[in-house]
Amino acid sequence: MEKRISGRKLLEHAIASIRQAQNLVGGTIVFLECENHPKLMNFYEQNLFRQFSFRLI
C-alpha cells in the first residue's frame, strides 16, 4: 500500500522543524531558493512564501 503526502503537508512538516531550530538557536527569516518555474513558484506563494528576488541567468 503506497502512502502519499501532499506537498503542502510536507512543507508544513519542514517549516515546523525549522521553527524548532529557530527556537533553539535564534533567527527570524526563512529563505527558500528554488527554480523559476511557474508551477513551483505558485505553489510556494500559495503556501506562506513570497518572492523576494530573482536571478537572471
# chains A, B, ... in the order shown; residues from 1 in each chain; ligands from 1

call {"tool": "residues_around", "arguments": {"residues": "Phe49 (chain A)", "least_positions_apart": "3", "cutoff": "9 Å", "atoms": "only C-alpha atoms", "output": "PyMOL selection string"}}
result
chain A and resi 30-32+43-46

call {"tool": "select_by_dssp", "arguments": {"residues": "chain A", "states": "alpha helix (DSSP H)", "output": "CSV table (one decimal) with C-alpha atoms, in the first residue's frame"}}
result
chain,number,residue,atom,x,y,z
A,7,GLY,CA,3.3,19.0,-1.0
A,8,ARG,CA,1.5,21.3,1.5
A,9,LYS,CA,1.8,18.7,4.3
A,10,LEU,CA,5.4,18.1,3.5
A,11,LEU,CA,6.1,21.8,3.6
A,12,GLU,CA,4.2,22.2,6.9
A,13,HIS,CA,6.5,19.5,8.4
A,14,ALA,CA,9.6,21.2,7.1
A,15,ILE,CA,8.5,24.6,8.4
A,16,ALA,CA,7.7,23.1,11.9
A,17,SER,CA,11.2,21.6,12.0
A,18,ILE,CA,12.7,25.0,11.0
A,19,ARG,CA,10.7,26.7,13.7
A,20,GLN,CA,12.0,24.3,16.3
A,21,ALA,CA,15.6,25.0,15.2
A,22,GLN,CA,14.9,28.8,15.3
A,23,ASN,CA,13.6,28.4,18.9
A,24,LEU,CA,16.9,26.7,19.9
A,25,VAL,CA,19.4,28.9,18.0
A,38,PRO,CA,5.7,29.0,-12.7
A,39,LYS,CA,4.1,25.9,-11.1
A,40,LEU,CA,6.7,25.8,-8.4
A,41,MET,CA,6.7,29.5,-7.7
A,42,ASN,CA,2.9,29.4,-7.5
A,43,PHE,CA,3.0,26.5,-5.0
A,44,TYR,CA,5.4,28.3,-2.7
A,45,GLU,CA,3.5,31.6,-3.0
A,46,GLN,CA,0.2,29.9,-2.0
